[in-house]
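Here's upload_1.cif, which has mmCIF, C-alpha atoms and all ligand atoms:
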```cif
data_final
loop_
_atom_site.label_atom_id
_atom_site.label_comp_id
_atom_site.auth_asym_id
_atom_site.auth_seq_id
_atom_site.Cartn_x
_atom_site.Cartn_y
_atom_site.Cartn_z
CA ASP A 1 27.82 -92.88 64.03
CA ILE A 2 24.53 -92.26 62.32
CA ILE A 3 24.38 -93.89 58.94
CA ARG A 4 21.78 -93.96 56.16
CA GLU A 5 21.05 -97.09 54.23
CA ASN A 6 18.54 -97.92 51.50
CA TYR A 7 16.97 -101.32 51.01
CA LYS A 8 14.30 -102.96 48.97
CA VAL A 9 11.33 -104.26 50.97
CA SER A 10 9.00 -107.12 50.15
CA GLY A 11 5.56 -107.69 51.60
CA MET A 12 4.10 -104.19 51.29
CA THR A 13 0.88 -104.54 49.32
CA CYS A 14 -0.80 -101.23 50.16
CA ALA A 15 0.07 -97.75 51.34
CA SER A 16 -1.08 -98.61 54.87
CA CYS A 17 1.56 -101.30 54.97
CA ALA A 18 4.17 -98.63 54.33
CA HIS A 19 2.83 -96.54 57.22
CA SER A 20 2.76 -99.56 59.53
CA LEU A 21 6.33 -100.43 58.74
CA GLU A 22 7.48 -96.84 59.15
CA SER A 23 5.76 -96.50 62.55
CA ASN A 24 7.11 -99.83 63.74
CA LEU A 25 10.71 -99.03 62.88
CA LYS A 26 10.54 -95.48 64.25
CA SER A 27 9.69 -96.94 67.66
CA LEU A 28 13.05 -98.73 67.91
CA ASN A 29 15.89 -97.28 69.96
CA GLY A 30 18.64 -95.93 67.76
CA ILE A 31 16.44 -95.09 64.79
CA VAL A 32 16.80 -91.48 63.68
CA GLN A 33 14.56 -91.41 60.62
CA VAL A 34 12.65 -93.86 58.47
CA SER A 35 11.24 -93.11 55.06
CA VAL A 36 9.31 -95.79 53.23
CA ASN A 37 8.82 -95.38 49.50
CA PHE A 38 5.80 -97.52 48.71
CA PRO A 39 5.80 -97.16 44.88
CA ASN A 40 9.48 -98.03 44.82
CA GLN A 41 9.07 -100.81 47.44
CA SER A 42 12.07 -99.44 49.28
CA ILE A 43 13.08 -97.93 52.58
CA ALA A 44 15.66 -95.37 53.70
CA ILE A 45 16.77 -95.83 57.29
CA ASP A 46 18.91 -93.42 59.30
CA TYR A 47 20.17 -95.11 62.43
CA ASP A 48 22.91 -95.09 65.02
CA GLU A 49 24.80 -98.30 64.42
CA SER A 50 26.26 -98.16 67.93
CA ILE A 51 22.73 -98.51 69.34
CA VAL A 52 20.86 -100.75 66.92
CA SER A 53 21.98 -103.22 64.27
CA ILE A 54 20.48 -103.71 60.83
CA GLU A 55 19.68 -107.29 61.89
CA THR A 56 17.53 -105.99 64.77
CA ILE A 57 15.78 -103.56 62.42
CA GLN A 58 15.23 -106.36 59.90
CA GLN A 59 13.78 -108.65 62.58
CA SER A 60 11.38 -105.97 63.80
CA ALA A 61 10.07 -105.57 60.25
CA LYS A 62 9.83 -109.33 59.83
CA ASP A 63 7.80 -109.62 63.05
CA ILE A 64 5.01 -107.59 61.43
CA GLY A 65 5.27 -109.27 58.02
CA TYR A 66 7.74 -107.28 55.94
CA ASP A 67 11.12 -108.35 54.64
CA ILE A 68 13.93 -105.83 54.41
CA LEU A 69 16.10 -107.26 51.64
CA ILE A 70 19.74 -107.02 52.66
CA GLY A 71 22.47 -107.85 50.23
CA GLU A 72 20.41 -107.59 47.08
MO1 LIG A 101 -3.97 -103.19 53.90
MO2 LIG A 101 -1.34 -103.56 53.60
O1 LIG A 101 -4.82 -104.42 55.04
O2 LIG A 101 -1.24 -105.28 54.35
S1 LIG A 101 -2.25 -102.70 55.42
S2 LIG A 101 -2.83 -104.55 52.34
#
```

For this file, produce the structure as structure tokens.
Amino acid sequence: DIIRENYKVSGMTCASCAHSLESNLKSLNGIVQVSVNFPNQSIAIDYDESIVSIETIQQSAKDIGYDILIGE
């Protein structure tokens, strides 16, 4: 199923960071839509949980320097 989840993100210090993160996550298999809200320091992710896990998404963000805050 495709689900939508919202998380806070740390590490975004400029609007270009938000674009970088969005582009990075959109390249993953199983991602349907990504919307980063820079002023709110948050992200909405639509993804197919049978294809990609939130842990994989989180790791991909971490690899380029951003932390998706899960469980906060
Ligand atoms: Mo601009 Mo955001 O270099 O890291 S992309 S601060």

With distances taken over only C-alpha atoms, the candidate from A:Ile2, A:Met12, A:Ala18, A:Val52 nearest Asp67 in chain A is A:Met12

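Going from CA of Ser53 in chain A to CA of Cys14 in chain A covers 26.9 Å.
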
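Between ligand LIG 101 (chain A) and the residues A:Ile51, A:Val9, A:Ile3, A:Ile64, the shortest atom-to-atom distance, using all atoms listed in the file, involves A:Ile64.
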
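If you count all atoms listed in the file and ignore residues fewer than 4 places along the chain from Leu28 in chain A, what sits within 10 Å of it is Ser23, Asn24, Val32, Tyr47, Ile51, Val52, Thr56, Ile57 and Ser60 of chain A.
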
Can you list every residue of chain A that has an atom at most 9 Å from ligand LIG 101 (chain A), with its nearest atom pair and the distance in Å to one decimal, using only C-alpha atoms and all ligand atoms, ordered by chain then number, as CSV?
```
residue,atom,partner,partner_atom,distance
A:Gly11,CA,A:LIG101,O2,7.7
A:Met12,CA,A:LIG101,MO2,5.9
A:Thr13,CA,A:LIG101,S2,4.8
A:Cys14,CA,A:LIG101,MO2,4.2
A:Ala15,CA,A:LIG101,MO2,6.4
A:Ser16,CA,A:LIG101,S1,4.3
A:Cys17,CA,A:LIG101,MO2,3.9
A:Ala18,CA,A:LIG101,MO2,7.4
A:His19,CA,A:LIG101,S1,8.2
A:Ser20,CA,A:LIG101,S1,7.2
A:Gly65,CA,A:LIG101,O2,8.5
```
